[in-house]
>>> print(open('model36.cif').read())   # mmCIF, C-alpha atoms and all ligand atoms
data_data
#
loop_
_atom_site.group_PDB
_atom_site.id
_atom_site.type_symbol
_atom_site.label_atom_id
_atom_site.label_comp_id
_atom_site.auth_asym_id
_atom_site.auth_seq_id
_atom_site.Cartn_x
_atom_site.Cartn_y
_atom_site.Cartn_z
ATOM 1 C CA MET Y 484 0.000 0.000 0.000
ATOM 2 C CA SER Y 485 2.927 2.346 0.519
ATOM 3 C CA LEU Y 486 4.285 1.838 -3.005
ATOM 4 C CA ILE Y 487 3.002 5.122 -4.366
ATOM 5 C CA PHE Y 488 4.868 7.103 -1.725
ATOM 6 C CA PHE Y 489 8.345 8.545 -1.986
ATOM 7 C CA PRO Y 490 10.650 7.617 0.864
ATOM 8 C CA PRO Y 491 11.098 10.848 2.842
ATOM 9 C CA PRO Y 492 14.382 12.575 1.964
ATOM 10 C CA ILE Y 493 16.769 13.617 4.736
ATOM 11 C CA GLN Y 494 18.177 17.071 4.121
ATOM 12 C CA LYS Y 495 21.175 18.504 5.943
ATOM 13 C CA ILE Y 496 20.931 22.207 6.663
ATOM 14 C CA ASN Y 497 23.432 24.735 7.892
ATOM 15 C CA SER Y 498 23.409 28.264 9.218
ATOM 16 C CA GLU Y 499 25.367 30.536 11.525
ATOM 17 C CA ILE Y 500 23.355 29.363 14.553
ATOM 18 C CA ILE Y 501 23.908 25.692 13.721
ATOM 19 C CA ARG Y 502 27.633 26.220 13.172
ATOM 20 C CA CYS Y 503 28.031 28.126 16.439
ATOM 21 C CA ALA Y 504 26.223 25.404 18.361
ATOM 22 C CA GLY Y 505 28.584 22.820 16.832
ATOM 23 C CA VAL Y 506 25.829 20.357 15.945
ATOM 24 C CA ASP Y 507 24.826 18.515 12.786
ATOM 25 C CA LEU Y 508 21.241 19.225 11.838
ATOM 26 C CA TYR Y 509 19.078 17.225 9.451
ATOM 27 C CA VAL Y 510 15.449 17.568 8.397
ATOM 28 C CA LEU Y 511 13.313 14.507 7.665
ATOM 29 C CA ARG Y 512 10.957 15.718 4.937
ATOM 30 C CA LEU Y 513 7.712 13.822 5.493
ATOM 31 C CA ASP Y 514 6.077 16.736 3.664
ATOM 32 C CA LEU Y 515 7.536 15.453 0.377
ATOM 33 C CA MET Y 516 6.223 11.889 0.403
ATOM 34 C CA HIS Y 517 3.056 12.531 -1.563
ATOM 35 C CA PRO Y 518 1.383 15.735 -2.753
ATOM 36 C CA TRP Y 519 -1.768 15.206 -0.622
ATOM 37 C CA VAL Y 520 -1.300 12.277 1.711
ATOM 38 C CA ASN Y 521 1.819 13.228 3.558
ATOM 39 C CA GLY Y 522 3.381 14.126 6.846
ATOM 40 C CA ASN Y 523 2.739 12.276 10.053
ATOM 41 C CA LYS Y 524 -0.945 12.046 9.088
ATOM 42 C CA TRP Y 525 -0.129 9.375 6.500
ATOM 43 C CA PHE Y 526 1.767 7.303 9.085
ATOM 44 C CA LYS Y 527 -1.165 7.598 11.497
ATOM 45 C CA LEU Y 528 -3.615 6.509 8.796
ATOM 46 C CA LYS Y 529 -1.664 3.611 7.338
ATOM 47 C CA TYR Y 530 -2.570 0.829 9.783
ATOM 48 C CA ASN Y 531 -6.095 2.187 10.208
ATOM 49 C CA LEU Y 532 -6.628 1.809 6.468
ATOM 50 C CA LEU Y 533 -5.086 -1.665 6.495
ATOM 51 C CA GLU Y 534 -7.362 -2.745 9.341
ATOM 52 C CA ALA Y 535 -10.416 -1.322 7.571
ATOM 53 C CA LYS Y 536 -9.495 -3.220 4.368
ATOM 54 C CA GLU Y 537 -8.837 -6.421 6.252
ATOM 55 C CA LYS Y 538 -12.241 -6.179 7.938
ATOM 56 C CA ASN Y 539 -13.946 -5.436 4.604
ATOM 57 C CA PHE Y 540 -15.194 -1.963 5.477
ATOM 58 C CA THR Y 541 -15.915 0.225 2.462
ATOM 59 C CA THR Y 542 -16.437 3.514 4.330
ATOM 60 C CA LEU Y 543 -14.128 5.439 6.651
ATOM 61 C CA LEU Y 544 -15.537 8.002 9.058
ATOM 62 C CA THR Y 545 -13.382 10.440 10.964
ATOM 63 C CA PHE Y 546 -13.434 13.762 12.823
ATOM 64 C CA GLY Y 547 -11.677 17.104 12.601
ATOM 65 C CA GLY Y 548 -11.796 20.878 12.667
ATOM 66 C CA ALA Y 549 -12.468 22.899 9.527
ATOM 67 C CA TYR Y 550 -8.735 23.289 8.743
ATOM 68 C CA SER Y 551 -7.689 19.799 9.797
ATOM 69 C CA ASN Y 552 -4.650 18.180 8.166
ATOM 70 C CA HIS Y 553 -6.134 14.831 9.146
ATOM 71 C CA ILE Y 554 -9.441 15.477 7.338
ATOM 72 C CA TYR Y 555 -7.468 16.522 4.252
ATOM 73 C CA ALA Y 556 -5.236 13.419 4.346
ATOM 74 C CA THR Y 557 -8.119 11.025 5.069
ATOM 75 C CA ALA Y 558 -10.157 12.361 2.151
ATOM 76 C CA ALA Y 559 -7.211 11.925 -0.221
ATOM 77 C CA ALA Y 560 -6.108 8.530 1.137
ATOM 78 C CA GLY Y 561 -9.691 7.245 1.011
ATOM 79 C CA ASN Y 562 -9.922 8.274 -2.608
ATOM 80 C CA LEU Y 563 -6.547 6.687 -3.462
ATOM 81 C CA PHE Y 564 -7.314 3.387 -1.780
ATOM 82 C CA GLY Y 565 -10.954 3.028 -2.772
ATOM 83 C CA PHE Y 566 -12.856 3.902 0.401
ATOM 84 C CA ARG Y 567 -15.877 6.140 0.738
ATOM 85 C CA THR Y 568 -15.116 8.797 3.340
ATOM 86 C CA ILE Y 569 -17.246 10.768 5.771
ATOM 87 C CA GLY Y 570 -15.752 13.733 7.627
ATOM 88 C CA VAL Y 571 -17.475 14.874 10.808
ATOM 89 C CA ILE Y 572 -16.535 18.536 11.096
ATOM 90 C CA ARG Y 573 -16.581 20.431 14.407
ATOM 91 C CA GLY Y 574 -18.905 23.444 14.392
ATOM 92 C CA GLU Y 575 -21.253 24.913 11.846
ATOM 93 C CA GLU Y 576 -21.052 24.882 8.085
ATOM 94 C CA ARG Y 577 -19.445 27.999 6.631
ATOM 95 C CA LEU Y 578 -19.830 28.764 2.950
ATOM 96 C CA PRO Y 579 -17.967 29.083 0.729
ATOM 97 C CA LEU Y 580 -15.958 26.106 1.944
ATOM 98 C CA ASN Y 581 -12.397 26.882 3.000
ATOM 99 C CA PRO Y 582 -9.541 25.371 0.927
ATOM 100 C CA THR Y 583 -9.166 22.340 3.233
ATOM 101 C CA LEU Y 584 -12.816 21.347 3.087
ATOM 102 C CA SER Y 585 -13.291 22.073 -0.592
ATOM 103 C CA PHE Y 586 -10.335 19.788 -1.298
ATOM 104 C CA ALA Y 587 -11.925 17.104 0.883
ATOM 105 C CA VAL Y 588 -15.181 17.362 -1.058
ATOM 106 C CA GLN Y 589 -13.283 17.183 -4.366
ATOM 107 C CA GLN Y 590 -11.762 13.934 -3.132
ATOM 108 C CA GLY Y 591 -15.262 12.592 -2.589
ATOM 109 C CA MET Y 592 -15.589 13.104 1.151
ATOM 110 C CA GLN Y 593 -19.087 13.607 2.522
ATOM 111 C CA LEU Y 594 -19.046 16.376 5.144
ATOM 112 C CA VAL Y 595 -21.282 16.305 8.202
ATOM 113 C CA TYR Y 596 -21.301 19.180 10.695
ATOM 114 C CA MET Y 597 -21.632 18.630 14.402
ATOM 115 C CA ASN Y 598 -22.119 21.235 17.113
ATOM 116 C CA ARG Y 599 -19.309 21.541 19.622
ATOM 117 C CA GLU Y 600 -21.191 19.953 22.481
ATOM 118 C CA MET Y 601 -21.991 16.821 20.541
ATOM 119 C CA TYR Y 602 -18.526 16.794 18.962
ATOM 120 C CA ARG Y 603 -17.026 16.585 22.435
ATOM 121 C CA GLN Y 604 -18.731 13.186 22.810
ATOM 122 C CA ARG Y 605 -16.931 11.841 19.743
ATOM 123 C CA ASN Y 606 -15.022 9.118 21.584
ATOM 124 C CA THR Y 607 -18.010 7.784 23.512
ATOM 125 C CA PRO Y 608 -19.788 4.512 22.638
ATOM 126 C CA ALA Y 609 -23.101 6.409 22.527
ATOM 127 C CA LEU Y 610 -21.971 8.709 19.736
ATOM 128 C CA GLU Y 611 -20.316 5.848 17.863
ATOM 129 C CA GLU Y 612 -23.577 3.966 17.970
ATOM 130 C CA TYR Y 613 -25.465 7.014 16.721
ATOM 131 C CA LEU Y 614 -23.018 7.324 13.801
ATOM 132 C CA GLN Y 615 -23.254 3.628 12.947
ATOM 133 C CA GLN Y 616 -27.029 3.894 12.901
ATOM 134 C CA ARG Y 617 -27.003 7.007 10.772
ATOM 135 C CA PHE Y 618 -24.356 5.952 8.264
ATOM 136 C CA GLY Y 619 -24.370 2.155 8.389
ATOM 137 C CA GLU Y 620 -21.229 0.062 8.754
ATOM 138 C CA VAL Y 621 -18.402 2.596 8.940
ATOM 139 C CA PHE Y 622 -14.815 2.183 10.116
ATOM 140 C CA ILE Y 623 -14.320 4.960 12.646
ATOM 141 C CA ILE Y 624 -10.901 6.591 12.927
ATOM 142 C CA PRO Y 625 -10.483 9.000 15.853
ATOM 143 C CA GLU Y 626 -9.635 12.682 15.347
ATOM 144 C CA GLY Y 627 -6.065 13.080 14.115
ATOM 145 C CA GLY Y 628 -5.720 9.316 13.544
ATOM 146 C CA SER Y 629 -4.653 9.209 17.162
ATOM 147 C CA ASN Y 630 -5.132 5.592 18.218
ATOM 148 C CA LEU Y 631 -2.786 2.645 18.664
ATOM 149 C CA ASN Y 632 -2.806 1.989 14.905
ATOM 150 C CA GLY Y 633 -1.598 5.577 14.621
ATOM 151 C CA VAL Y 634 1.247 4.949 17.056
ATOM 152 C CA ARG Y 635 2.159 1.809 15.119
ATOM 153 C CA GLY Y 636 2.519 3.772 11.896
ATOM 154 C CA CYS Y 637 4.634 6.449 13.582
ATOM 155 C CA ILE Y 638 7.142 3.812 14.691
ATOM 156 C CA GLU Y 639 8.099 3.724 10.993
ATOM 157 C CA ILE Y 640 8.795 7.468 10.699
ATOM 158 C CA VAL Y 641 12.397 7.484 11.875
ATOM 159 C CA GLY Y 642 12.900 3.716 11.888
ATOM 160 C CA GLY Y 643 15.963 2.706 9.973
ATOM 161 C CA ALA Y 644 17.464 6.190 9.713
ATOM 162 C CA ILE Y 645 21.026 6.565 10.923
ATOM 163 C CA ALA Y 646 21.458 7.029 14.652
ATOM 164 C CA PHE Y 647 20.727 10.617 15.604
ATOM 165 C CA ASP Y 648 21.168 11.809 19.178
ATOM 166 C CA HIS Y 649 17.988 13.901 19.288
ATOM 167 C CA ILE Y 650 14.808 13.563 17.263
ATOM 168 C CA CYS Y 651 12.650 16.698 17.429
ATOM 169 C CA VAL Y 652 8.959 16.758 16.577
ATOM 170 C CA ALA Y 653 6.003 19.130 16.937
ATOM 171 C CA CYS Y 654 3.242 17.687 18.975
ATOM 172 C CA GLY Y 655 -0.523 17.964 19.355
ATOM 173 C CA THR Y 656 -1.861 14.718 20.806
ATOM 174 C CA ALA Y 657 1.676 13.220 21.041
ATOM 175 C CA THR Y 658 0.670 10.080 19.123
ATOM 176 C CA THR Y 659 3.518 10.789 16.718
ATOM 177 C CA LEU Y 660 5.975 11.338 19.556
ATOM 178 C CA ALA Y 661 4.939 8.018 21.138
ATOM 179 C CA GLY Y 662 5.623 6.106 17.923
ATOM 180 C CA ILE Y 663 8.960 7.832 17.423
ATOM 181 C CA ALA Y 664 10.019 7.245 21.032
ATOM 182 C CA LEU Y 665 9.198 3.547 20.696
ATOM 183 C CA SER Y 666 11.410 3.276 17.626
ATOM 184 C CA LEU Y 667 14.566 4.694 19.166
ATOM 185 C CA ASP Y 668 17.662 2.897 20.384
ATOM 186 C CA GLU Y 669 19.277 3.392 23.723
ATOM 187 C CA GLY Y 670 21.037 6.748 23.920
ATOM 188 C CA GLN Y 671 18.642 8.416 21.507
ATOM 189 C CA ARG Y 672 16.067 10.874 22.770
ATOM 190 C CA ALA Y 673 12.841 12.219 21.297
ATOM 191 C CA ILE Y 674 12.074 15.860 22.056
ATOM 192 C CA ALA Y 675 8.479 17.003 21.601
ATOM 193 C CA PHE Y 676 7.352 20.606 21.193
ATOM 194 C CA PRO Y 677 3.657 20.920 22.129
ATOM 195 C CA VAL Y 678 1.806 23.537 20.079
ATOM 196 C CA LEU Y 679 -0.875 23.847 22.756
ATOM 197 C CA LYS Y 680 -0.591 26.048 25.796
ATOM 198 C CA ASN Y 681 0.483 24.363 29.053
ATOM 199 C CA GLY Y 682 1.732 21.332 27.128
ATOM 200 C CA ALA Y 683 2.977 19.614 30.301
ATOM 201 C CA PHE Y 684 -0.490 18.050 30.612
ATOM 202 C CA LEU Y 685 0.651 15.717 27.836
ATOM 203 C CA ALA Y 686 3.234 13.911 29.990
ATOM 204 C CA PRO Y 687 0.822 11.490 31.724
ATOM 205 C CA GLU Y 688 -1.036 11.014 28.436
ATOM 206 C CA ILE Y 689 2.196 9.991 26.727
ATOM 207 C CA GLU Y 690 2.920 7.503 29.534
ATOM 208 C CA THR Y 691 -0.565 6.023 29.105
ATOM 209 C CA LEU Y 692 -0.190 5.827 25.339
ATOM 210 C CA LEU Y 693 3.160 4.016 25.655
ATOM 211 C CA THR Y 694 1.845 1.646 28.321
ATOM 212 C CA ASN Y 695 -1.261 0.833 26.287
ATOM 213 C CA TYR Y 696 0.765 0.278 23.174
ATOM 214 C CA LEU Y 697 3.230 -2.060 24.868
ATOM 215 C CA ALA Y 698 0.344 -3.945 26.512
ATOM 216 C CA SER Y 699 -1.405 -4.410 23.151
ATOM 217 C CA ASP Y 700 -0.592 -7.203 20.731
ATOM 218 C CA LEU Y 701 0.773 -4.760 18.151
ATOM 219 C CA PRO Y 702 4.442 -5.194 17.255
ATOM 220 C CA ALA Y 703 6.888 -3.154 19.331
ATOM 221 C CA PRO Y 704 10.358 -2.683 17.886
ATOM 222 C CA SER Y 705 12.465 -2.177 20.985
ATOM 223 C CA ASN Y 706 12.516 -3.402 24.540
ATOM 224 C CA SER Y 707 14.405 -0.453 25.921
ATOM 225 C CA PRO Y 708 12.167 2.121 27.623
ATOM 226 C CA ALA Y 709 11.287 4.948 25.257
ATOM 227 C CA SER Y 710 13.203 8.110 26.071
ATOM 228 C CA TRP Y 711 11.392 11.389 25.524
ATOM 229 C CA GLU Y 712 11.122 14.917 26.796
ATOM 230 C CA LEU Y 713 8.650 17.791 26.431
ATOM 231 C CA VAL Y 714 9.718 21.363 25.683
ATOM 232 C CA CYS Y 715 6.640 23.462 26.436
ATOM 233 C CA ASP Y 716 7.827 27.045 25.831
ATOM 234 C CA TYR Y 717 7.165 27.435 22.117
ATOM 235 C CA HIS Y 718 3.377 27.348 21.769
ATOM 236 C CA PHE Y 719 3.128 31.037 20.764
ATOM 237 C CA GLY Y 720 -0.110 31.517 22.700
ATOM 238 C CA GLY Y 721 -1.739 28.212 21.834
ATOM 239 C CA TYR Y 722 -3.139 26.092 19.048
ATOM 240 C CA ALA Y 723 -3.129 27.860 15.650
ATOM 241 C CA LYS Y 724 -2.012 31.114 17.311
ATOM 242 C CA VAL Y 725 0.764 32.970 15.520
ATOM 243 C CA ASN Y 726 2.578 36.274 15.910
ATOM 244 C CA ASP Y 727 4.738 38.384 13.641
ATOM 245 C CA GLU Y 728 7.924 36.848 15.001
ATOM 246 C CA LEU Y 729 6.792 33.352 14.006
ATOM 247 C CA LEU Y 730 5.607 34.498 10.583
ATOM 248 C CA LEU Y 731 8.902 36.264 9.945
ATOM 249 C CA PHE Y 732 10.843 33.215 11.123
ATOM 250 C CA SER Y 733 8.972 30.913 8.695
ATOM 251 C CA GLN Y 734 9.504 33.301 5.837
ATOM 252 C CA GLN Y 735 13.243 33.649 6.518
ATOM 253 C CA PHE Y 736 13.634 29.918 7.075
ATOM 254 C CA ARG Y 737 12.051 29.200 3.743
ATOM 255 C CA GLU Y 738 14.254 31.722 1.968
ATOM 256 C CA GLU Y 739 17.436 30.445 3.624
ATOM 257 C CA HIS Y 740 16.847 26.679 3.349
ATOM 258 C CA ASP Y 741 14.136 26.310 0.728
ATOM 259 C CA ILE Y 742 11.975 24.446 3.248
ATOM 260 C CA PRO Y 743 8.394 25.666 3.746
ATOM 261 C CA LEU Y 744 7.006 25.290 7.279
ATOM 262 C CA ASP Y 745 3.386 25.212 8.403
ATOM 263 C CA TYR Y 746 2.375 27.817 10.988
ATOM 264 C CA VAL Y 747 0.419 25.515 13.301
ATOM 265 C CA TYR Y 748 3.056 22.865 13.996
ATOM 266 C CA THR Y 749 6.428 22.751 12.276
ATOM 267 C CA ALA Y 750 7.240 26.492 12.389
ATOM 268 C CA LYS Y 751 6.920 26.428 16.189
ATOM 269 C CA MET Y 752 9.152 23.372 16.566
ATOM 270 C CA PHE Y 753 11.832 24.702 14.183
ATOM 271 C CA TYR Y 754 11.749 28.068 15.953
ATOM 272 C CA GLY Y 755 12.105 26.271 19.288
ATOM 273 C CA VAL Y 756 15.067 24.209 18.140
ATOM 274 C CA MET Y 757 16.886 27.279 16.762
ATOM 275 C CA ASP Y 758 16.273 29.091 20.040
ATOM 276 C CA LEU Y 759 17.552 26.141 22.096
ATOM 277 C CA LEU Y 760 20.655 25.964 19.886
ATOM 278 C CA LYS Y 761 21.407 29.593 20.781
ATOM 279 C CA GLN Y 762 21.079 28.712 24.459
ATOM 280 C CA GLY Y 763 23.496 25.791 24.237
ATOM 281 C CA PHE Y 764 20.780 23.243 25.058
ATOM 282 C CA PHE Y 765 22.422 20.568 22.870
ATOM 283 C CA GLY Y 766 25.952 19.209 23.251
ATOM 284 C CA LYS Y 767 28.708 20.074 20.782
ATOM 285 C CA GLY Y 768 29.044 17.320 18.201
ATOM 286 C CA ASP Y 769 25.448 16.119 18.727
ATOM 287 C CA SER Y 770 23.327 15.207 15.727
ATOM 288 C CA LEU Y 771 19.731 16.356 15.469
ATOM 289 C CA LEU Y 772 16.932 15.113 13.252
ATOM 290 C CA LEU Y 773 14.008 17.512 12.909
ATOM 291 C CA VAL Y 774 10.886 15.758 11.659
ATOM 292 C CA HIS Y 775 8.973 17.884 9.158
ATOM 293 C CA THR Y 776 5.497 16.493 9.796
ATOM 294 C CA GLY Y 777 3.871 18.221 6.805
ATOM 295 C CA GLY Y 778 0.691 20.237 7.325
ATOM 296 C CA LEU Y 779 1.468 22.719 4.556
ATOM 297 C CA GLN Y 780 -2.078 22.512 3.161
ATOM 298 C CA GLY Y 781 -3.234 24.504 6.194
ATOM 299 C CA ASN Y 782 -1.106 27.517 5.270
ATOM 300 C CA VAL Y 783 -3.483 28.550 2.497
ATOM 301 C CA GLY Y 784 -6.397 28.916 4.899
ATOM 302 C CA MET Y 785 -4.197 30.499 7.565
ATOM 303 C CA GLU Y 786 -2.807 33.097 5.157
ATOM 304 C CA GLU Y 787 -6.355 33.966 4.050
ATOM 305 C CA ARG Y 788 -7.389 34.489 7.667
ATOM 306 C CA LEU Y 789 -4.296 36.568 8.446
ATOM 307 C CA GLU Y 790 -5.013 38.730 5.440
ATOM 308 C CA ILE Y 791 -8.548 39.350 6.666
ATOM 309 C CA VAL Y 792 -7.280 40.225 10.153
ATOM 310 C CA SER Y 793 -4.688 42.664 8.790
ATOM 311 C CA LYS Y 794 -7.403 44.434 6.794
ATOM 312 C CA ILE Y 795 -9.686 44.973 9.782
HETATM 313 C C1 LIG Y 801 -1.264 16.557 13.449
HETATM 314 C C2 LIG Y 801 0.078 17.156 13.271
HETATM 315 C C3 LIG Y 801 1.057 17.114 14.280
HETATM 316 C C4 LIG Y 801 0.785 16.543 15.655
HETATM 317 O O1 LIG Y 801 0.713 15.158 15.700
HETATM 318 P P1 LIG Y 801 0.312 14.425 17.034
HETATM 319 O O2 LIG Y 801 0.505 12.992 16.729
HETATM 320 O O3 LIG Y 801 -1.137 14.749 17.312
HETATM 321 O O4 LIG Y 801 1.171 14.917 18.130
HETATM 322 C C5 LIG Y 801 2.305 17.651 14.011
HETATM 323 N N1 LIG Y 801 2.581 18.229 12.825
HETATM 324 C C6 LIG Y 801 1.668 18.314 11.843
HETATM 325 C C7 LIG Y 801 2.031 19.006 10.581
HETATM 326 C C8 LIG Y 801 0.383 17.781 12.026
HETATM 327 O O5 LIG Y 801 -0.519 17.873 11.030
#
>>> encode(input="model36.cif", output="C-alpha cells", more="lines below")
Ligand SMILES: *Cc1c(COP(=O)(O)O)cnc(C)c1O
Amino acid sequence: MSLIFFPPPIQKINSEIIRCAGVDLYVLRLDLMHPWVNGNKWFKLKYNLLEAKEKNFTTLLTFGGAYSNHIYATAAAGNLFGFRTIGVIRGEERLPLNPTLSFAVQQGMQLVYMNREMYRQRNTPALEEYLQQRFGEVFIIPEGGSNLNGVRGCIEIVGGAIAFDHICVACGTATTLAGIALSLDEGQRAIAFPVLKNGAFLAPEIETLLTNYLASDLPAPSNSPASWELVCDYHFGGYAKVNDELLLFSQQFREEHDIPLDYVYTAKMFYGVMDLLKQGFFGKGDSLLLVHTGGLQGNVGMEERLEIVSKI
C-alpha cells in the first residue's frame, strides 16, 4: 500500500546558529512523500486503512476541525485506496468552503457538521452507535488518527534512519511522539514541542499511550524504555495562534533553506530548536533530526485568515 509514496528525503541544513552550536542538523521531509497524503498524518492513517481493508469496510468516518490536516489526508487517502469517506466537522457549516474542506469534497468526502457539544462526545460509545445507525457500517478513525494503529505507523517514521542523538517533533496529541520514542535505540532521545498552551499536561497522556501500546498485541520494535522529553515554551499563545515573530521566522527559514514550514506545527518546533541551539541546550558534536510532519495545506487557509485580520 505504501508503493506510491516517496521515501522521505533527509536534508542537511546549515546556518550561523547551527555552526556556532557545533551540531549537525538534518530535516526529515515527510512533507515530500506525496502531494496530498503526507506528513505524520499518512503514518497515522496507514494501519487504520489496512485494518479497515482487512475487515472489509468500504467507508471510513473520521473527525476534525475545519482546517484539519487529518481530514485533508483522510479524504485523499480514502480516494486513493478506494474507500468512501465521511468527515465529521466540528462546528457549523461555513460557505464558501475553505480550501481544506473544498479539497476534501473534491476527493469525494461527505461532510457532516456537528455542534461543539456533541462533537465533544466523539469518543463515547453512545456517539459511535449514533453514527453507525445514521451511516451504516463505517470504520471509525479517531480525530487526528490518534489511536494505537496511529502509534504503530509512527514507529516507521524514523525507523531505519542513521542514529541521531535527538529527534525533534512538533506535537498535538503526542501520538507521533509516542511512535517515534518507541522506535529509538538506547542513547537516543525524542524531544516534543507541544503547540498547545500548558503542554505539560501531555506527559501522563504519553505515559498512558506508551503503556497501552506495549500492553497491546501490536508489534513493538524495541525493549528499551522509550526516552522522551517535552519542551513546552514554544506554543506562541496556543493552538493555531501565531505572531509576527513566528511568521517572519517561517519566511526567513524558507528563503534560507528552501523548506516551507506550516504555521500551526512545524514552524513552532523549528523556531524552538533554533532558540535552544542559541542557548546551548544541545551538546557540541550532537546530531539532530528535525521531523517535518507536513501540514502545509493549512497555510493557504491560515494566510487567508491573516489577510482578513490585517485588513480589519
Ligand atoms: C497533526 C500534526 C502534528 C501533531 O501530531 P500528534 O501525533 O497529534 O502529536 C504535528 N505536525 C503536523 C504538521 C500535524 O498535522
>>> residues_around(input="model36.cif", residues="range 700-710 of chain Y", least_positions_apart="2", cutoff="7 Å", atoms="all atoms listed in the file", output="list in words")
Ala664, Leu665, Ser666, Leu667, Glu669, Arg672, Ala673, Leu697 and Ala698 of chain Y
>>> residues_near_ligand(input="model36.cif", ligand="ligand LIG 801 (chain Y)", cutoff="6 Å", atoms="all atoms listed in the file", output="list in words")
Asn552, Gly627, Ala653, Cys654, Gly655, Thr656, Ala657, Thr658, Thr659, Tyr748, Thr749, Thr776, Gly777 and Gly778 of chain Y
>>> resolve_selection(input="model36.cif", expression="the PyMOL selection byres (((chain Y and resi 585) around 12) and not hetatm)", output="ChimeraX atom specification")
/Y:549-550,554-555,558-559,570,576-584,586-594,780,784
>>> closest_residue(input="model36.cif", among="Y:Gly619, Y:Gly633, Y:Gly768, Y:Gly522", to="His649 in chain Y", atoms="all atoms listed in the file")
Y:Gly768
>>> residues_around(input="model36.cif", residues="range 727-734 of chain Y", least_positions_apart="5", cutoff="12 Å", atoms="only C-alpha atoms", output="list in words")
Tyr717, His718, Phe719, Gly720, Glu739, His740, Asp741, Ile742, Pro743, Leu744, Asp745, Tyr746, Val747, Tyr748, Thr749, Ala750, Lys751, Met752, Phe753, Tyr754, Gly755, Met757, Asp758, Leu779, Asn782, Met785, Glu786, Leu789 and Ser793 of chain Y
>>> axis_aligned_box(input="model36.cif", around="range 766-771 of chain Y", padding_each_side="8 Å", output="JSON")
{"center_x": 24.4, "center_y": 17.6, "center_z": 19.4, "size_x": 25.3, "size_y": 20.9, "size_z": 23.8}
>>> closest_residue(input="model36.cif", among="Y:Asn562, Y:Tyr696, Y:Asn539, Y:Thr607", to="Glu620 in chain Y", atoms="all atoms listed in the file")
Y:Asn539
>>> closest_residue(input="model36.cif", among="Y:Cys503, Y:Ala723, Y:Leu508, Y:Leu660", to="Gly636 in chain Y", atoms="all atoms listed in the file")
Y:Leu660
>>> resolve_selection(input="model36.cif", expression="the PyMOL selection byres (((chain Y and resi 572) around 8) and not hetatm)", output="list in words")
Phe546, Gly547, Gly548, Ala549, Gly570, Val571, Arg573, Gly574, Glu575, Leu594, Val595, Tyr596 and Met597 of chain Y
>>> atom_distance(input="model36.cif", atom1="CA of Val714 in chain Y", atom2="CA of Leu759 in chain Y")
9.9 Å
>>> decode(input="model36.cif", residues="range 741-755 of chain Y", atoms="N, CA and C atoms", output="compact mmCIF listing (two decimals), in the first residue's frame")
# COMPACT_ATOMS: atom_id res chain seq x y z
N ASP Y 741 15.08 26.84 1.70
CA ASP Y 741 14.14 26.31 0.73
C ASP Y 741 13.25 25.22 1.33
N ILE Y 742 12.88 25.40 2.59
CA ILE Y 742 11.98 24.45 3.25
C ILE Y 742 10.77 25.23 3.78
N PRO Y 743 9.58 24.99 3.21
CA PRO Y 743 8.39 25.67 3.75
C PRO Y 743 7.95 25.00 5.05
N LEU Y 744 7.50 25.82 5.99
CA LEU Y 744 7.01 25.29 7.28
C LEU Y 744 5.53 25.65 7.43
N ASP Y 745 4.78 24.83 8.13
CA ASP Y 745 3.39 25.21 8.40
C ASP Y 745 3.35 25.99 9.72
N TYR Y 746 2.39 26.92 9.83
CA TYR Y 746 2.38 27.82 10.99
C TYR Y 746 1.86 27.15 12.26
N VAL Y 747 1.06 26.10 12.11
CA VAL Y 747 0.42 25.52 13.30
C VAL Y 747 1.39 24.60 14.06
N TYR Y 748 2.21 23.86 13.34
CA TYR Y 748 3.06 22.87 14.00
C TYR Y 748 4.55 23.08 13.75
N THR Y 749 4.98 22.86 12.50
CA THR Y 749 6.43 22.75 12.28
C THR Y 749 7.17 24.07 12.50
N ALA Y 750 6.54 25.21 12.19
CA ALA Y 750 7.24 26.49 12.39
C ALA Y 750 7.58 26.67 13.87
N LYS Y 751 6.67 26.26 14.75
CA LYS Y 751 6.92 26.43 16.19
C LYS Y 751 8.05 25.52 16.66
N MET Y 752 8.08 24.28 16.16
CA MET Y 752 9.15 23.37 16.57
C MET Y 752 10.50 23.85 16.03
N PHE Y 753 10.56 24.25 14.76
CA PHE Y 753 11.83 24.70 14.18
C PHE Y 753 12.31 25.97 14.90
N TYR Y 754 11.39 26.86 15.20
CA TYR Y 754 11.75 28.07 15.95
C TYR Y 754 12.34 27.67 17.30
N GLY Y 755 11.65 26.73 17.97
CA GLY Y 755 12.10 26.27 19.29
C GLY Y 755 13.50 25.67 19.23
